[in-house]
Amino acid sequence: MNRLLPLLALPFLVLPLTLSVPAYAAKTTPTAQPATSQTSTAKTATQVVQGFYDALTATMKEGETLGFEGRNKKLEAPVTSAFNLPLMARYAIGTNWTKATPEDQQKLAAAFSAFSVATYASRFTKYDGEVFKVGNEKPSANGGILVETTLTPKGEQPVILNYLLRADETGTPRIVDVYLDASISELATRRAEFTSVIKREGLPALISHLEEKTKKMTSGK
């Protein structure tokens with residue numbers, strides 16, 4: 001089952017489900033607009049998560065034929081569309097984001113996005129009968145929408161994975177965090193990891209760190 005839970009279920013840090021949005025990020029993102037405020041043609045939060053799962057499952061079914069490069073290419077659009085990766089990178093950096101130069105902010109967002117897509121491509125290599133099931137959608141205590149889902153590997157117990165979505169600048173709901181067992185935040189784990197690297201070596205080192213991890217996954221090393 002471990003190969004199925006890269007960004008979905010990392011060695012998380014435990015935080016409450018109502019993870020607050022950093023003040024510096026709230027000023028630059030449309031958090032005041034609920035994710036349910038949409039036009040009639042816009043996707044709901046549930047549809048965003050279901051669409052991501054559909055694309056992931058389809059890629060897994062072709063995974064061995066596609067190889068890493070093919071999976072990475074096929075997953076790039078679904079992952080970057082469903083997840084607000086630049087915003088997630090900003091949240092994960094925390095207060096260090098405001099200290100970074102615009103150039104470093106751009107490099108970090110790009111490195112984080114490439115790393116995220118490559119992680120899915122390297123871990124979700126084939127389909128073994130896994131079932132992704134999307135359940136209820138409900139408002140989050142701190143704004144946005146929570147979509148409850150389960151991942152059931154063949155012959156194993158379901159894993160609870162809840163997605164937090166917030167409206168982007170266009171009003172479209174996009175994923176900004178994932179919770180394992182309804183309480184363990186991926187974003188919190190990233191923040192702890194990134195803060196540690198920045199504290200030891202600085203922001204440029206974090207960018208290099210992400211780029212190197214992506215390179216290793218690309219080369220299969």
# chains A, B, ... in the order shown; residues from 1 in each chain; ligands from 1
call {"tool": "residues_around", "arguments": {"residues": "Asn136 of chain A", "least_positions_apart": "5", "cutoff": "10 Å", "atoms": "only C-alpha atoms", "output": "ChimeraX atom specification"}}
result
/A:46,146-149,162
call {"tool": "select_by_dssp", "arguments": {"residues": "segment 5-202 of chain A", "states": "strand (DSSP E)", "output": "VMD selection string"}}
result
chain A and resid 13 to 14 131 to 139 145 to 152 159 to 167 173 to 180 184 to 185
call {"tool": "write_last_selection", "arguments": {"atoms": "C-alpha atoms", "output": "short mmCIF file (atom, residue, chain, number, x, y, z; two decimals), in the first residue's frame"}}
result
data_model
loop_
_atom_site.label_atom_id
_atom_site.label_comp_id
_atom_site.auth_asym_id
_atom_site.auth_seq_id
_atom_site.Cartn_x
_atom_site.Cartn_y
_atom_site.Cartn_z
CA LEU A 13 2.75 15.35 11.36
CA VAL A 14 -0.49 15.31 13.32
CA VAL A 131 -10.55 1.62 -5.54
CA PHE A 132 -10.73 5.39 -5.14
CA LYS A 133 -14.13 6.41 -3.76
CA VAL A 134 -15.32 9.99 -3.36
CA GLY A 135 -17.82 10.54 -0.55
CA ASN A 136 -19.35 13.58 1.11
CA GLU A 137 -18.56 17.24 0.56
CA LYS A 138 -18.91 19.70 3.44
CA PRO A 139 -17.76 23.18 4.49
CA ILE A 145 -14.66 22.77 1.22
CA LEU A 146 -13.70 19.33 2.52
CA VAL A 147 -14.21 16.35 0.24
CA GLU A 148 -14.11 12.99 1.98
CA THR A 149 -12.63 10.03 0.09
CA THR A 150 -11.24 6.56 0.65
CA LEU A 151 -8.50 4.60 -1.08
CA THR A 152 -8.86 0.84 -0.85
CA VAL A 159 -7.53 4.49 3.92
CA ILE A 160 -9.38 7.72 4.67
CA LEU A 161 -8.14 10.69 2.63
CA ASN A 162 -9.88 14.05 2.92
CA TYR A 163 -9.14 16.94 0.56
CA LEU A 164 -9.36 20.63 1.48
CA LEU A 165 -10.23 22.86 -1.46
CA ARG A 166 -10.29 26.64 -1.66
CA ALA A 167 -11.34 28.90 -4.50
CA PRO A 173 -12.12 25.12 -6.18
CA ARG A 174 -8.65 23.55 -6.09
CA ILE A 175 -6.94 21.27 -3.60
CA VAL A 176 -4.67 22.97 -1.07
CA ASP A 177 -4.19 20.17 1.47
CA VAL A 178 -4.76 16.44 2.01
CA TYR A 179 -5.56 14.81 5.36
CA LEU A 180 -4.83 11.18 6.21
CA ILE A 184 -3.04 14.36 9.53
CA SER A 185 -2.00 17.18 7.23
#
call {"tool": "closest_residue", "arguments": {"among": "A:Glu64, A:Lys99, A:Val79, A:Leu206", "to": "Arg191 of chain A", "atoms": "only C-alpha atoms"}}
result
A:Leu206
call {"tool": "closest_residue", "arguments": {"among": "A:Leu56, A:Leu66, A:Ala89, A:Val49", "to": "Ala110 of chain A", "atoms": "only C-alpha atoms"}}
result
A:Ala89
call {"tool": "closest_residue", "arguments": {"among": "A:Ala55, A:Leu203, A:Met217, A:Val117", "to": "Ala100 of chain A", "atoms": "only C-alpha atoms"}}
result
A:Leu203
call {"tool": "atom_distance", "arguments": {"atom1": "atom CA of Lys216 of chain A", "atom2": "atom CA of Thr119 of chain A"}}
result
10.4 Å
call {"tool": "select_by_dssp", "arguments": {"residues": "segment 7-220 of chain A", "states": "helix (DSSP H, G or I)", "output": "MDAnalysis selection string"}}
result
chainID A and resid 23:26 45:61 63:82 85:93 96:99 102:123 186:201 203:219
call {"tool": "atom_distance", "arguments": {"atom1": "atom CA of Lys74 of chain A", "atom2": "atom CA of Asp54 of chain A"}}
result
12.2 Å
call {"tool": "closest_residue", "arguments": {"among": "A:Thr172, A:Asn72, A:Gln47, A:Gln106", "to": "Thr218 of chain A", "atoms": "only C-alpha atoms"}}
result
A:Asn72
call {"tool": "atom_distance", "arguments": {"atom1": "atom CA of Phe124 of chain A", "atom2": "atom CA of Ile198 of chain A"}}
result
29.3 Å
